[in-house]
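Asker: Take this structure, written in structure tokens, and hold onto it; I'll ask about it next.
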Amino acid sequence: MNKAMGIPIATALMASVAPVLTWRDKHAMPEGRSGGAAGLIENKLVYGGGTTWRNGAKVWLNETLFYDFEHDTWSSGPPLPEPIAYGACLAKDGLLEILGGTNESGPSRKCWRLKAGEPAWTESGSLPADGVFAKAVPLRGRVYLFGGSSSATDLSHLSDSVFRRDESGKWARISEMPQGRVAIPAAATVGDEIYLFGGFSAAPSGGALNHRDAYRFDPQTNRWTALRPLPAAVRGLSAVSVDARHILLAGGYTDSAFSAAAYLYDTEDGQYRPATSLPLPVMGMELLARGRTVWGVGGEDKNRSRTSRLIEGVFAP
């Protein structure tokens, strides 16, 4: 989401060392999935693409699902023109957009957009570079794209580039990530600044190296500020701004296991305060927020597995 929401709960969150966030399960998706794009579009939650596992094989999805909050039900939406996963995504102004990604044929630089009420996804442009595992953040009519890769498996292809798309749709490289070539950091905005947490890079000895790094990016000056490190090195961490001061961080994969831990990061004092843990350990869960309510959908809950759960969290008044 491009603006912090839920300002009335700010006072309660600032005063609480361990904010009360009550989680409950809603109706699950028809099938577990992760790596897709999710957003709140008008009165529905939309989830498009991703991957799942069937009979021990990874399957790339082109399906779109709509969740109806009023009736607690899922329905099918218009399919994507191609199966796609691990692309950057953003939701704003009544639309969901997927920027790049990959499937079994390799990376794609195509961007796909689904507007509320329209019967099909439409192509909305092309990325300037491969965007597997990149993060996209919309802010004041522009889109910022952080990192990415040309491969979902070969960590030597990670990028440290930061691109900006202006209102005309033109991309320009404006900066590089200070932590180097890092994939899937958690990202959120508060005010006019962008916050990045964790992620992973290629370890010198091979494999993935999780990060604790946290940074703030000022799009007006293209300057980075190092923040207090995360409580633990983690990749696949999920983030969403919940008011004009705080970012909820949850889940991920640490150096040893999938995590259910949750924290509220305070952008004013730089502290991570423990929040109520997720009801399951999971990485790559999509977090969405509106007012005092947070939703988490999908994600990888163990190796070669995807969760179908949709959870709803409500902050105590």
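Chain identifiers are assigned as A, B, and so on, following the order in which chains appear in the structure tokens; residues are numbered from 1 within each chain, and ligands are numbered from 1 in order of appearance.
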When DSSP is applied to the backbone of this structure, which of region 21-167 of chain A are assigned strand (DSSP E or B)? Write them out as a ChimeraX atom specification.

Answerer: /A:21-25,34,37-41,44-48,51-54,57-60,64-68,73-76,85,88-92,95-103,106-115,122-126,135-139,142-146,149,158,161-165

Asker: Now that the selection is made, can you save its residues with C-alpha atoms as a compact mmCIF listing (two decimals), in the first residue's frame?

Answerer:
# COMPACT_ATOMS: atom_id res chain seq x y z
CA LEU A 21 -2.91 -8.28 17.65
CA THR A 22 -5.57 -10.97 17.58
CA TRP A 23 -5.28 -13.39 14.66
CA ARG A 24 -8.02 -15.65 13.34
CA ASP A 25 -8.40 -17.85 10.30
CA SER A 34 3.27 -18.44 -2.71
CA ALA A 37 0.84 -10.82 -6.28
CA ALA A 38 -1.75 -9.65 -3.75
CA GLY A 39 -3.60 -6.42 -3.12
CA LEU A 40 -6.78 -4.87 -1.75
CA ILE A 41 -8.79 -3.66 -4.74
CA LYS A 44 -11.92 -7.47 -2.49
CA LEU A 45 -8.58 -9.10 -1.83
CA VAL A 46 -6.99 -10.16 -5.12
CA TYR A 47 -4.28 -12.81 -5.48
CA GLY A 48 -2.72 -13.51 -8.85
CA THR A 51 3.56 -21.29 -7.43
CA THR A 52 2.26 -24.40 -5.70
CA TRP A 53 3.36 -28.02 -5.31
CA ARG A 54 1.35 -30.96 -6.67
CA ALA A 57 6.30 -31.15 -8.56
CA LYS A 58 6.43 -27.36 -8.60
CA VAL A 59 3.61 -25.79 -10.61
CA TRP A 60 3.59 -22.22 -11.95
CA THR A 64 -6.41 -15.11 -10.18
CA LEU A 65 -8.46 -15.40 -7.02
CA PHE A 66 -10.90 -12.90 -5.49
CA TYR A 67 -11.72 -12.95 -1.79
CA ASP A 68 -15.07 -11.44 -0.76
CA THR A 73 -15.59 -16.73 0.12
CA TRP A 74 -13.12 -17.10 -2.75
CA SER A 75 -13.97 -17.00 -6.44
CA SER A 76 -12.03 -17.18 -9.69
CA ALA A 85 5.69 -15.90 -9.91
CA ALA A 88 7.37 -7.41 -7.90
CA CYS A 89 3.81 -6.26 -7.32
CA LEU A 90 1.92 -3.18 -6.24
CA ALA A 91 -1.68 -2.27 -5.55
CA LYS A 92 -2.93 1.30 -5.87
CA LEU A 95 -5.57 -1.85 -9.65
CA LEU A 96 -3.08 -4.65 -9.04
CA GLU A 97 0.12 -4.73 -11.09
CA ILE A 98 2.74 -7.46 -11.47
CA LEU A 99 6.18 -6.31 -12.61
CA GLY A 100 8.26 -9.07 -14.17
CA GLY A 101 8.88 -12.41 -12.51
CA THR A 102 9.56 -15.85 -13.88
CA ASN A 103 8.03 -19.20 -14.79
CA GLY A 106 12.58 -18.37 -17.59
CA PRO A 107 12.34 -14.72 -16.53
CA SER A 108 9.84 -12.31 -18.02
CA ARG A 109 10.10 -8.52 -18.11
CA LYS A 110 6.44 -8.01 -18.98
CA CYS A 111 4.21 -6.06 -16.62
CA TRP A 112 0.56 -7.01 -16.17
CA ARG A 113 -2.21 -4.85 -14.74
CA LEU A 114 -5.70 -5.73 -13.53
CA LYS A 115 -8.08 -2.86 -12.89
CA THR A 122 -3.64 -6.02 -19.73
CA GLU A 123 0.03 -5.49 -20.49
CA SER A 124 1.29 -2.31 -18.83
CA GLY A 125 4.86 -2.08 -20.05
CA SER A 126 8.21 -3.77 -19.65
CA LYS A 135 10.40 -5.31 -4.66
CA ALA A 136 8.16 -2.54 -6.00
CA VAL A 137 6.89 0.43 -4.02
CA PRO A 138 4.44 3.04 -5.37
CA LEU A 139 4.85 6.58 -4.04
CA ARG A 142 5.97 6.93 -9.25
CA VAL A 143 7.11 3.33 -8.81
CA TYR A 144 10.43 2.34 -7.24
CA LEU A 145 11.92 -1.07 -8.01
CA PHE A 146 14.58 -2.49 -5.69
CA SER A 149 17.52 -11.22 -10.46
CA LEU A 158 21.20 -10.87 -8.15
CA SER A 161 19.94 -1.64 -8.90
CA VAL A 162 17.19 0.79 -7.92
CA PHE A 163 14.94 1.92 -10.78
CA ARG A 164 12.20 4.53 -10.83
CA ARG A 165 9.23 4.61 -13.19

Asker: Residues within 12 Å of region 270-277 of chain A, please, as a PDB file with C-alpha atoms, in the first residue's frame. Count only C-alpha atoms; anything in the same chain fewer than 3 positions from it doesn't count.

Answerer:
ATOM      1  CA  LEU A  13       0.701   1.182  19.439  1.00  0.00           C
ATOM      2  CA  MET A  14       3.174   3.753  20.754  1.00  0.00           C
ATOM      3  CA  ALA A  15       2.169   3.071  24.339  1.00  0.00           C
ATOM      4  CA  SER A  16       2.271  -0.724  24.148  1.00  0.00           C
ATOM      5  CA  VAL A  17       5.462  -2.740  24.533  1.00  0.00           C
ATOM      6  CA  ALA A  18       3.729  -5.831  23.137  1.00  0.00           C
ATOM      7  CA  PRO A  19       0.777  -4.651  21.020  1.00  0.00           C
ATOM      8  CA  VAL A  20      -2.228  -6.938  21.122  1.00  0.00           C
ATOM      9  CA  LEU A  21      -2.910  -8.275  17.655  1.00  0.00           C
ATOM     10  CA  THR A  22      -5.573 -10.970  17.583  1.00  0.00           C
ATOM     11  CA  TRP A  23      -5.279 -13.387  14.663  1.00  0.00           C
ATOM     12  CA  ARG A  24      -8.024 -15.649  13.339  1.00  0.00           C
ATOM     13  CA  TYR A 195      11.906   1.213   4.340  1.00  0.00           C
ATOM     14  CA  PHE A 197      14.396  -4.904   5.870  1.00  0.00           C
ATOM     15  CA  ALA A 214      17.527  -2.268   7.514  1.00  0.00           C
ATOM     16  CA  TYR A 215      17.581   0.963   5.532  1.00  0.00           C
ATOM     17  CA  ARG A 216      15.479   4.011   4.845  1.00  0.00           C
ATOM     18  CA  THR A 225      20.088   5.857   5.916  1.00  0.00           C
ATOM     19  CA  ALA A 226      21.157   2.756   7.821  1.00  0.00           C
ATOM     20  CA  LEU A 227      18.689   1.774  10.557  1.00  0.00           C
ATOM     21  CA  ARG A 228      18.904  -0.445  13.624  1.00  0.00           C
ATOM     22  CA  PRO A 229      19.367  -4.055  12.388  1.00  0.00           C
ATOM     23  CA  LEU A 230      16.549  -6.575  12.617  1.00  0.00           C
ATOM     24  CA  PRO A 231      16.383  -8.832  15.695  1.00  0.00           C
ATOM     25  CA  ALA A 232      17.465 -11.742  13.461  1.00  0.00           C
ATOM     26  CA  ARG A 245       4.523   5.671  12.302  1.00  0.00           C
ATOM     27  CA  HIS A 246       4.683   1.873  12.437  1.00  0.00           C
ATOM     28  CA  ILE A 247       5.481  -1.042  10.124  1.00  0.00           C
ATOM     29  CA  LEU A 248       4.401  -4.599  10.917  1.00  0.00           C
ATOM     30  CA  LEU A 249       7.119  -7.167  10.130  1.00  0.00           C
ATOM     31  CA  ALA A 250       6.289 -10.868  10.288  1.00  0.00           C
ATOM     32  CA  GLY A 251       7.395 -14.362   9.340  1.00  0.00           C
ATOM     33  CA  GLY A 252      10.317 -15.209   7.093  1.00  0.00           C
ATOM     34  CA  SER A 259       9.540 -18.098  11.574  1.00  0.00           C
ATOM     35  CA  ALA A 260       6.215 -16.893  12.979  1.00  0.00           C
ATOM     36  CA  ALA A 261       7.740 -13.948  14.864  1.00  0.00           C
ATOM     37  CA  ALA A 262       6.173 -10.505  14.422  1.00  0.00           C
ATOM     38  CA  TYR A 263       7.405  -7.024  15.323  1.00  0.00           C
ATOM     39  CA  LEU A 264       6.246  -3.457  15.023  1.00  0.00           C
ATOM     40  CA  TYR A 265       9.016  -1.217  13.794  1.00  0.00           C
ATOM     41  CA  ASP A 266       8.719   2.353  15.066  1.00  0.00           C
ATOM     42  CA  THR A 267      10.002   4.748  12.413  1.00  0.00           C
ATOM     43  CA  LEU A 280       2.011 -20.312  11.627  1.00  0.00           C
ATOM     44  CA  PRO A 281       5.682 -20.134  10.644  1.00  0.00           C
ATOM     45  CA  VAL A 282       5.790 -18.908   7.047  1.00  0.00           C
ATOM     46  CA  ILE A 311      -5.489 -14.975   8.371  1.00  0.00           C
ATOM     47  CA  GLY A 313      -5.365  -9.790  12.515  1.00  0.00           C
ATOM     48  CA  VAL A 314      -7.050  -6.963  14.415  1.00  0.00           C
ATOM     49  CA  PHE A 315      -5.203  -4.541  16.680  1.00  0.00           C
ATOM     50  CA  ALA A 316      -6.835  -3.953  20.049  1.00  0.00           C
TER      51      ALA A 316
END

Asker: Could you jot down the CA of Arg309 (chain A) to CA of Leu278 (chain A) separation for me, Å, one decimal place?

Answerer: 11.4 Å

Asker: List as CSV every residue of region 145-242 of chain A that is in contact with region 296-306 of chain A, defined as an atom at most 12 Å from one of its atoms (using only C-alpha atoms), together with the nearest atom pair and the distance in Å rounded to one decimal, sorted by chain and then rising number.

Answerer:
residue,atom,partner,partner_atom,distance
A:Arg235,CA,A:Glu300,CA,11.8
A:Gly236,CA,A:Glu300,CA,9.0
A:Leu237,CA,A:Gly299,CA,10.4
A:Ser238,CA,A:Gly296,CA,9.1
A:Ala239,CA,A:Gly296,CA,10.2
A:Val240,CA,A:Gly296,CA,10.2

Asker: Can those selected residues be exported to a file as a PDB file, in the first residue's frame so that it contains C-alpha atoms?

Answerer:
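As a result, part_32.pdb now contains:
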ATOM      1  CA  ARG A 235      14.696 -13.643   4.222  1.00  0.00           C
ATOM      2  CA  GLY A 236      11.125 -13.789   2.969  1.00  0.00           C
ATOM      3  CA  LEU A 237      10.066 -11.366   5.706  1.00  0.00           C
ATOM      4  CA  SER A 238       6.691  -9.685   5.159  1.00  0.00           C
ATOM      5  CA  ALA A 239       5.988  -6.009   5.848  1.00  0.00           C
ATOM      6  CA  VAL A 240       3.089  -3.569   5.777  1.00  0.00           C
TER       7      VAL A 240
END

Asker: Using only C-alpha atoms, which of A:Glu167, A:Lys26, A:Ser156, A:Tyr253 sits nearest Trp295 (chain A)?

Answerer: A:Lys26

Asker: Could you give me the residues within region 15-169 of chain A that DSSP places in helix (DSSP H, G or I), as an MDAnalysis selection string?

Answerer: chainID A and resid 15 155:157

Asker: For the residues in that selection, give me C-alpha atoms as a tab-separated table (two decimals), in the first residue's frame.

Answerer:
chain	number	residue	atom	x	y	z
A	15	ALA	CA	2.17	3.07	24.34
A	155	LEU	CA	22.24	-16.34	-6.75
A	156	SER	CA	25.08	-15.03	-8.91
A	157	HIS	CA	22.47	-13.15	-10.95
